[in-house]
Amino acid sequence: MDFDYPAQATDYRTKVRAFLDANLPKDWKGIGALNHADAAEWTEQWRKKLSAEGLLAITWPKEYGGQGLSHVEALVLAEEFARAGVPEGAPNDAFGIGMLGNTMIAIGTEEQKRHFLPRVLSGEDRWCQGYSEPAAGSDLGNLGCRAVLDGDEWVINGQKIWTSAGHLANYIFVLARTAPDEVKHRGITFMLVDMRQPGIEVRPIKMMSGDSEFNEVFFTDVRCPKENVLGEVNGGWMVAMALLGNERGAGAVVSSISFRGELDKLTQLAKEKGMTHDPHIRQRLTKAHTKVEIMRFLGYRVLTSFMKGHQPGPDASIGKLWWSEYHKEVTELAVDILGADALVPVGQTPHTAFTTDSPGSPNDSANWVGVFLNARAGTIYAGTSQVQRNIVGEQVLGLPKEPRSDAGPWKNIPGHG
């Protein structure tokens, strides 16, 4: 584990801070200090500025709209943006840039890169992820959304669920079953699908917080050109796993910054409520501090791996498991500190349903209760805690695989075929 950034990081950090100083108001407290409507409008304008400055995907090759910089500069950029309380893009960029774009750079055809990547950066194409299904959440290999080849096009029928930001997207990358007779993980294909066509229906799902940030998506005879398959036909499982590695790995380095800011805010709330004199509350705050510090060191491990040129692997599941389980604990502590105030929340609800709220958000009961409700889902989305433990046990620690009863062809799995 290396705690020292190379010299190139120091130089780039200076440039990023100069950009932030020049483009943020002098009294800027973080995007969370804005109300929901103003934050959404500000984010769109901020994204346009980042696109114009080439700051949305700095590790991409220059011919595809990036700057050809290393992962070290990308991590510096993410750190400084996190500290300043500004987003790295719009909500769908996590899918279009961080997940699909980085994966397409690695394994896409030249035609796919030339067509899709500039449109992702301009914001013309906004992506969402079509992975989970009602019977294929934790067991993603059990997916049943089917695609059948008809001439030069695949015809897709089925359903996806928990599609985050799907109501904002005009493209979706879809895992579809194209070979039902194959062992279930081998008969899946990764497809790039235009959502602006007949046969696609997006239905928002109401969460217990009252928000609707994810959806269910239905496909009825939806068309996908053959050239929009990413990777090999029936080889989509490996593409999907590479994409999930990008999702889990990169955020591990900077997640401790947002969680540290959230814990500092909670400590201030405990002081205002006179709860820091309670030894039990102090003990729980200390435990939370320790866990955030461990999160920071887990991030250093990922940083060291990046600096050695390694891409995220199965050990990225350690970070995801750690922060999601921690977040349940610390938000339960927040509700205990609020006491009766948590029963009738007052103030501004969170800007986002994922991980911590945006930096600068108010330290009031509505915000904390909202984050508490959202934290329940953190152990489910992007891979449940049970799945993460299996990955760590089997692929990192080398423990025996969990016994399975459904390792044969997908069509022979009960409920399918």
# chains A, B, ... in the order shown; residues from 1 in each chain; ligands from 1
$ residues_around --residues "Ile281 in chain A" --least-positions-apart "2" --cutoff "12 Å" --atoms "only C-alpha atoms" --output "PyMOL selection string"
chain A and resi 266-267+269-271+273-279+283-288+330+332-338
$ write_last_selection --atoms "N, CA and C atoms" --output "compact mmCIF listing (two decimals), in the first residue's frame"
# COMPACT_ATOMS: atom_id res chain seq x y z
N LEU A 266 -22.85 14.53 11.37
CA LEU A 266 -23.56 13.81 12.43
C LEU A 266 -22.98 14.13 13.80
N THR A 267 -21.69 14.25 13.90
CA THR A 267 -21.05 14.61 15.17
C THR A 267 -21.52 15.99 15.62
N LEU A 269 -24.40 17.32 14.86
CA LEU A 269 -25.78 17.15 15.30
C LEU A 269 -25.82 16.61 16.73
N ALA A 270 -24.96 15.65 17.03
CA ALA A 270 -24.91 15.09 18.39
C ALA A 270 -24.55 16.16 19.41
N LYS A 271 -23.63 17.05 19.04
CA LYS A 271 -23.27 18.16 19.94
C LYS A 271 -24.45 19.09 20.17
N LYS A 273 -27.55 18.41 20.01
CA LYS A 273 -28.59 17.72 20.78
C LYS A 273 -28.13 17.40 22.21
N GLY A 274 -26.88 17.74 22.54
CA GLY A 274 -26.36 17.44 23.87
C GLY A 274 -26.13 15.96 24.11
N MET A 275 -25.91 15.20 23.00
CA MET A 275 -25.79 13.75 23.11
C MET A 275 -24.35 13.28 23.26
N THR A 276 -23.37 14.18 23.10
CA THR A 276 -21.98 13.73 23.20
C THR A 276 -21.56 13.43 24.63
N HIS A 277 -22.43 13.77 25.59
CA HIS A 277 -22.15 13.41 26.98
C HIS A 277 -22.59 11.98 27.30
N ASP A 278 -23.36 11.38 26.36
CA ASP A 278 -23.83 10.00 26.55
C ASP A 278 -22.69 9.06 26.14
N PRO A 279 -22.17 8.24 27.07
CA PRO A 279 -21.03 7.37 26.72
C PRO A 279 -21.36 6.37 25.61
N GLN A 283 -19.35 6.18 22.14
CA GLN A 283 -18.74 4.93 21.70
C GLN A 283 -19.14 4.61 20.26
N ARG A 284 -20.39 4.84 19.91
CA ARG A 284 -20.85 4.55 18.55
C ARG A 284 -20.25 5.54 17.53
N LEU A 285 -20.10 6.80 17.93
CA LEU A 285 -19.44 7.76 17.06
C LEU A 285 -17.98 7.37 16.83
N THR A 286 -17.33 6.89 17.89
CA THR A 286 -15.93 6.46 17.76
C THR A 286 -15.82 5.26 16.83
N LYS A 287 -16.75 4.32 16.96
CA LYS A 287 -16.75 3.16 16.08
C LYS A 287 -16.95 3.60 14.63
N ALA A 288 -17.84 4.57 14.40
CA ALA A 288 -18.06 5.07 13.04
C ALA A 288 -16.80 5.74 12.51
N VAL A 330 -24.39 3.75 10.72
CA VAL A 330 -24.24 5.17 11.07
C VAL A 330 -25.55 5.93 10.91
N GLU A 332 -28.53 4.57 11.42
CA GLU A 332 -29.31 4.16 12.60
C GLU A 332 -28.90 5.00 13.81
N LEU A 333 -27.61 5.28 13.92
CA LEU A 333 -27.13 6.15 14.99
C LEU A 333 -27.73 7.55 14.83
N ALA A 334 -27.81 8.04 13.61
CA ALA A 334 -28.39 9.37 13.37
C ALA A 334 -29.83 9.44 13.86
N VAL A 335 -30.62 8.41 13.57
CA VAL A 335 -32.01 8.40 14.00
C VAL A 335 -32.09 8.34 15.53
N ASP A 336 -31.20 7.59 16.17
CA ASP A 336 -31.18 7.54 17.64
C ASP A 336 -30.82 8.89 18.23
N ILE A 337 -29.91 9.62 17.58
CA ILE A 337 -29.55 10.95 18.06
C ILE A 337 -30.72 11.92 17.89
N LEU A 338 -31.44 11.81 16.79
CA LEU A 338 -32.60 12.66 16.57
C LEU A 338 -33.70 12.39 17.59
$ select_by_dssp --residues "range 173-350 of chain A" --states "strand (DSSP E or B)" --output "PDB file with N, CA and C atoms, in the first residue's frame"
ATOM      1  N   PHE A 173     -28.000  -0.349 -21.736  1.00  0.00           N
ATOM      2  CA  PHE A 173     -27.243  -1.563 -22.056  1.00  0.00           C
ATOM      3  C   PHE A 173     -27.902  -2.725 -21.337  1.00  0.00           C
ATOM      4  N   VAL A 174     -28.199  -3.760 -22.126  1.00  0.00           N
ATOM      5  CA  VAL A 174     -29.077  -4.848 -21.698  1.00  0.00           C
ATOM      6  C   VAL A 174     -28.350  -6.180 -21.743  1.00  0.00           C
ATOM      7  N   LEU A 175     -28.491  -6.959 -20.687  1.00  0.00           N
ATOM      8  CA  LEU A 175     -28.087  -8.360 -20.710  1.00  0.00           C
ATOM      9  C   LEU A 175     -29.293  -9.186 -21.128  1.00  0.00           C
ATOM     10  N   ALA A 176     -29.163  -9.911 -22.241  1.00  0.00           N
ATOM     11  CA  ALA A 176     -30.273 -10.721 -22.748  1.00  0.00           C
ATOM     12  C   ALA A 176     -29.810 -12.144 -22.991  1.00  0.00           C
ATOM     13  N   ARG A 177     -30.713 -13.090 -22.786  1.00  0.00           N
ATOM     14  CA  ARG A 177     -30.384 -14.504 -23.011  1.00  0.00           C
ATOM     15  C   ARG A 177     -30.562 -14.833 -24.486  1.00  0.00           C
ATOM     16  N   VAL A 183     -25.167 -23.525 -20.574  1.00  0.00           N
ATOM     17  CA  VAL A 183     -25.090 -23.285 -19.139  1.00  0.00           C
ATOM     18  C   VAL A 183     -25.373 -21.809 -18.917  1.00  0.00           C
ATOM     19  N   ILE A 188     -25.533 -15.569 -22.509  1.00  0.00           N
ATOM     20  CA  ILE A 188     -25.979 -14.191 -22.310  1.00  0.00           C
ATOM     21  C   ILE A 188     -25.185 -13.257 -23.225  1.00  0.00           C
ATOM     22  N   THR A 189     -25.870 -12.260 -23.794  1.00  0.00           N
ATOM     23  CA  THR A 189     -25.226 -11.303 -24.684  1.00  0.00           C
ATOM     24  C   THR A 189     -25.484  -9.884 -24.191  1.00  0.00           C
ATOM     25  N   PHE A 190     -24.482  -9.027 -24.347  1.00  0.00           N
ATOM     26  CA  PHE A 190     -24.512  -7.640 -23.880  1.00  0.00           C
ATOM     27  C   PHE A 190     -24.889  -6.744 -25.060  1.00  0.00           C
ATOM     28  N   MET A 191     -26.041  -6.057 -24.974  1.00  0.00           N
ATOM     29  CA  MET A 191     -26.580  -5.300 -26.109  1.00  0.00           C
ATOM     30  C   MET A 191     -26.779  -3.828 -25.770  1.00  0.00           C
ATOM     31  N   LEU A 192     -26.598  -2.988 -26.775  1.00  0.00           N
ATOM     32  CA  LEU A 192     -26.751  -1.535 -26.654  1.00  0.00           C
ATOM     33  C   LEU A 192     -28.044  -1.152 -27.351  1.00  0.00           C
ATOM     34  N   VAL A 193     -29.034  -0.724 -26.576  1.00  0.00           N
ATOM     35  CA  VAL A 193     -30.403  -0.611 -27.089  1.00  0.00           C
ATOM     36  C   VAL A 193     -30.913   0.821 -26.983  1.00  0.00           C
ATOM     37  N   ASP A 194     -31.449   1.320 -28.094  1.00  0.00           N
ATOM     38  CA  ASP A 194     -32.083   2.639 -28.141  1.00  0.00           C
ATOM     39  C   ASP A 194     -33.455   2.537 -27.474  1.00  0.00           C
ATOM     40  N   ILE A 200     -40.819  -0.292 -25.754  1.00  0.00           N
ATOM     41  CA  ILE A 200     -40.148  -0.067 -24.470  1.00  0.00           C
ATOM     42  C   ILE A 200     -41.052   0.766 -23.581  1.00  0.00           C
ATOM     43  N   GLU A 201     -41.297   0.267 -22.382  1.00  0.00           N
ATOM     44  CA  GLU A 201     -42.114   0.978 -21.398  1.00  0.00           C
ATOM     45  C   GLU A 201     -41.317   1.100 -20.103  1.00  0.00           C
ATOM     46  N   VAL A 202     -41.209   2.320 -19.593  1.00  0.00           N
ATOM     47  CA  VAL A 202     -40.494   2.596 -18.350  1.00  0.00           C
ATOM     48  C   VAL A 202     -41.508   2.976 -17.281  1.00  0.00           C
ATOM     49  N   ARG A 203     -41.527   2.230 -16.184  1.00  0.00           N
ATOM     50  CA  ARG A 203     -42.453   2.505 -15.083  1.00  0.00           C
ATOM     51  C   ARG A 203     -41.656   2.833 -13.822  1.00  0.00           C
ATOM     52  N   PRO A 204     -41.786   4.055 -13.296  1.00  0.00           N
ATOM     53  CA  PRO A 204     -41.074   4.405 -12.058  1.00  0.00           C
ATOM     54  C   PRO A 204     -41.552   3.559 -10.882  1.00  0.00           C
ATOM     55  N   ILE A 205     -40.625   3.259  -9.977  1.00  0.00           N
ATOM     56  CA  ILE A 205     -40.924   2.495  -8.761  1.00  0.00           C
ATOM     57  C   ILE A 205     -40.825   3.442  -7.574  1.00  0.00           C
ATOM     58  N   PHE A 214     -35.478   4.865  -9.385  1.00  0.00           N
ATOM     59  CA  PHE A 214     -35.294   3.719 -10.266  1.00  0.00           C
ATOM     60  C   PHE A 214     -36.630   3.219 -10.782  1.00  0.00           C
ATOM     61  N   ASN A 215     -36.559   2.282 -11.721  1.00  0.00           N
ATOM     62  CA  ASN A 215     -37.733   1.944 -12.525  1.00  0.00           C
ATOM     63  C   ASN A 215     -37.726   0.463 -12.888  1.00  0.00           C
ATOM     64  N   GLU A 216     -38.849   0.021 -13.466  1.00  0.00           N
ATOM     65  CA  GLU A 216     -38.878  -1.254 -14.169  1.00  0.00           C
ATOM     66  C   GLU A 216     -39.087  -0.949 -15.645  1.00  0.00           C
ATOM     67  N   VAL A 217     -38.426  -1.748 -16.488  1.00  0.00           N
ATOM     68  CA  VAL A 217     -38.450  -1.506 -17.935  1.00  0.00           C
ATOM     69  C   VAL A 217     -38.944  -2.772 -18.622  1.00  0.00           C
ATOM     70  N   PHE A 218     -39.924  -2.627 -19.508  1.00  0.00           N
ATOM     71  CA  PHE A 218     -40.507  -3.757 -20.229  1.00  0.00           C
ATOM     72  C   PHE A 218     -40.130  -3.660 -21.710  1.00  0.00           C
ATOM     73  N   PHE A 219     -39.768  -4.809 -22.293  1.00  0.00           N
ATOM     74  CA  PHE A 219     -39.377  -4.902 -23.695  1.00  0.00           C
ATOM     75  C   PHE A 219     -40.371  -5.798 -24.432  1.00  0.00           C
ATOM     76  N   THR A 220     -40.994  -5.276 -25.475  1.00  0.00           N
ATOM     77  CA  THR A 220     -41.908  -6.046 -26.314  1.00  0.00           C
ATOM     78  C   THR A 220     -41.484  -5.897 -27.769  1.00  0.00           C
ATOM     79  N   ASP A 221     -40.844  -6.956 -28.294  1.00  0.00           N
ATOM     80  CA  ASP A 221     -40.350  -6.950 -29.681  1.00  0.00           C
ATOM     81  C   ASP A 221     -39.469  -5.737 -29.974  1.00  0.00           C
ATOM     82  N   VAL A 222     -38.581  -5.441 -29.043  1.00  0.00           N
ATOM     83  CA  VAL A 222     -37.662  -4.311 -29.199  1.00  0.00           C
ATOM     84  C   VAL A 222     -36.487  -4.730 -30.078  1.00  0.00           C
ATOM     85  N   ARG A 223     -36.031  -3.845 -30.952  1.00  0.00           N
ATOM     86  CA  ARG A 223     -34.997  -4.161 -31.931  1.00  0.00           C
ATOM     87  C   ARG A 223     -33.624  -3.635 -31.506  1.00  0.00           C
ATOM     88  N   CYS A 224     -32.606  -4.447 -31.790  1.00  0.00           N
ATOM     89  CA  CYS A 224     -31.227  -4.053 -31.535  1.00  0.00           C
ATOM     90  C   CYS A 224     -30.355  -4.522 -32.697  1.00  0.00           C
ATOM     91  N   PRO A 225     -29.718  -3.626 -33.451  1.00  0.00           N
ATOM     92  CA  PRO A 225     -28.874  -4.036 -34.581  1.00  0.00           C
ATOM     93  C   PRO A 225     -27.744  -4.966 -34.132  1.00  0.00           C
ATOM     94  N   VAL A 229     -23.952  -5.215 -30.428  1.00  0.00           N
ATOM     95  CA  VAL A 229     -23.531  -6.175 -29.401  1.00  0.00           C
ATOM     96  C   VAL A 229     -22.126  -5.802 -28.957  1.00  0.00           C
ATOM     97  N   GLY A 235     -21.205 -14.106 -25.028  1.00  0.00           N
ATOM     98  CA  GLY A 235     -20.089 -13.821 -24.132  1.00  0.00           C
ATOM     99  C   GLY A 235     -20.338 -12.610 -23.257  1.00  0.00           C
TER     100      GLY A 235
END
$ residues_around --residues "range 345-359 of chain A" --least-positions-apart "6" --cutoff "9 Å" --atoms "only C-alpha atoms" --output "CSV table (one decimal) with C-alpha atoms, in the first residue's frame"
chain,number,residue,atom,x,y,z
A,29,LYS,CA,-21.0,25.3,0.4
A,30,GLY,CA,-21.7,22.3,-1.8
A,31,ILE,CA,-24.5,21.3,-4.1
A,32,GLY,CA,-26.5,19.9,-1.2
A,33,ALA,CA,-27.0,23.5,0.0
A,35,ASN,CA,-32.9,23.1,-3.1
A,36,HIS,CA,-33.8,20.2,-5.4
A,39,ALA,CA,-29.5,21.6,-7.8
A,82,ALA,CA,-15.7,15.5,-3.6
A,83,ARG,CA,-14.0,18.0,-1.3
A,84,ALA,CA,-15.5,20.9,-3.1
A,85,GLY,CA,-19.0,19.3,-3.0
A,86,VAL,CA,-19.6,19.3,-6.8
A,87,PRO,CA,-20.7,16.3,-9.0
A,209,SER,CA,-38.4,7.4,1.0
A,211,ASP,CA,-38.7,9.2,-4.3
A,212,SER,CA,-38.7,7.3,-7.6
A,213,GLU,CA,-35.1,7.2,-8.8
A,258,SER,CA,-18.1,11.9,1.4
A,259,PHE,CA,-18.6,9.5,4.3
A,261,GLY,CA,-18.1,14.7,5.7
A,262,GLU,CA,-21.3,12.9,6.6
A,323,TRP,CA,-19.3,1.0,3.0
A,324,SER,CA,-22.8,-0.3,2.6
A,327,HIS,CA,-23.9,3.1,6.2
A,365,SER,CA,-34.3,15.6,10.6
A,366,ALA,CA,-35.8,15.2,7.1
A,367,ASN,CA,-32.4,14.9,5.6
A,368,TRP,CA,-31.2,12.3,8.1
A,369,VAL,CA,-34.3,10.3,8.0
A,370,GLY,CA,-34.2,10.2,4.2
A,371,VAL,CA,-30.6,9.1,4.2
A,373,LEU,CA,-34.2,5.0,4.6
A,374,ASN,CA,-31.9,5.1,1.5
A,375,ALA,CA,-29.1,3.3,3.4
A,377,ALA,CA,-30.9,-0.3,-0.1
A,378,GLY,CA,-27.1,0.2,-0.2
$ atom_distance --atom1 "CA of Ile172 in chain A" --atom2 "CA of Cys128 in chain A"
4.8 Å
$ select_by_dssp --residues "range 261-363 of chain A" --states "helix (DSSP H, G or I)" --output "PyMOL selection string"
chain A and resi 261-272+279-307+316-343
$ closest_residue --among "A:Arg260, A:Arg389, A:His280, A:Lys15" --to "Arg296 in chain A" --atoms "only C-alpha atoms"
A:Arg260
$ closest_residue --among "A:Lys206, A:His185, A:Arg126, A:Lys226" --to "Asp152 in chain A" --atoms "only C-alpha atoms"
A:Lys226
$ closest_residue --among "A:Gln159, A:Glu53, A:Lys265, A:His115" --to "Gly360 in chain A" --atoms "only C-alpha atoms"
A:Lys265
$ closest_residue --among "A:Asn102, A:Tyr64, A:Pro180, A:Asn92" --to "Gly166 in chain A" --atoms "only C-alpha atoms"
A:Asn92
$ decode --residues "range 19-49 of chain A" --atoms "C-alpha atoms" --output "PDB file, in the first residue's frame"
ATOM      1  CA  PHE A  19     -10.483  25.384 -12.190  1.00  0.00           C
ATOM      2  CA  LEU A  20     -12.757  25.086  -9.154  1.00  0.00           C
ATOM      3  CA  ASP A  21     -11.702  28.468  -7.777  1.00  0.00           C
ATOM      4  CA  ALA A  22     -12.445  30.080 -11.134  1.00  0.00           C
ATOM      5  CA  ASN A  23     -15.837  28.429 -11.665  1.00  0.00           C
ATOM      6  CA  LEU A  24     -17.487  28.169  -8.240  1.00  0.00           C
ATOM      7  CA  PRO A  25     -19.105  31.021  -6.304  1.00  0.00           C
ATOM      8  CA  LYS A  26     -17.032  32.404  -3.451  1.00  0.00           C
ATOM      9  CA  ASP A  27     -19.695  31.401  -0.930  1.00  0.00           C
ATOM     10  CA  TRP A  28     -20.083  27.864  -2.335  1.00  0.00           C
ATOM     11  CA  LYS A  29     -20.979  25.328   0.378  1.00  0.00           C
ATOM     12  CA  GLY A  30     -21.686  22.294  -1.806  1.00  0.00           C
ATOM     13  CA  ILE A  31     -24.496  21.337  -4.134  1.00  0.00           C
ATOM     14  CA  GLY A  32     -26.474  19.900  -1.218  1.00  0.00           C
ATOM     15  CA  ALA A  33     -27.046  23.451   0.048  1.00  0.00           C
ATOM     16  CA  LEU A  34     -29.287  24.134  -2.978  1.00  0.00           C
ATOM     17  CA  ASN A  35     -32.915  23.079  -3.113  1.00  0.00           C
ATOM     18  CA  HIS A  36     -33.801  20.163  -5.383  1.00  0.00           C
ATOM     19  CA  ALA A  37     -34.896  22.189  -8.422  1.00  0.00           C
ATOM     20  CA  ASP A  38     -31.923  24.551  -8.277  1.00  0.00           C
ATOM     21  CA  ALA A  39     -29.506  21.639  -7.787  1.00  0.00           C
ATOM     22  CA  ALA A  40     -30.837  19.847 -10.872  1.00  0.00           C
ATOM     23  CA  GLU A  41     -30.548  22.984 -13.009  1.00  0.00           C
ATOM     24  CA  TRP A  42     -27.077  23.776 -11.643  1.00  0.00           C
ATOM     25  CA  THR A  43     -25.889  20.225 -12.359  1.00  0.00           C
ATOM     26  CA  GLU A  44     -26.903  20.474 -16.021  1.00  0.00           C
ATOM     27  CA  GLN A  45     -24.987  23.723 -16.447  1.00  0.00           C
ATOM     28  CA  TRP A  46     -22.008  22.305 -14.568  1.00  0.00           C
ATOM     29  CA  ARG A  47     -21.971  19.252 -16.822  1.00  0.00           C
ATOM     30  CA  LYS A  48     -21.872  21.448 -19.928  1.00  0.00           C
ATOM     31  CA  LYS A  49     -18.869  23.255 -18.458  1.00  0.00           C
TER      32      LYS A  49
END
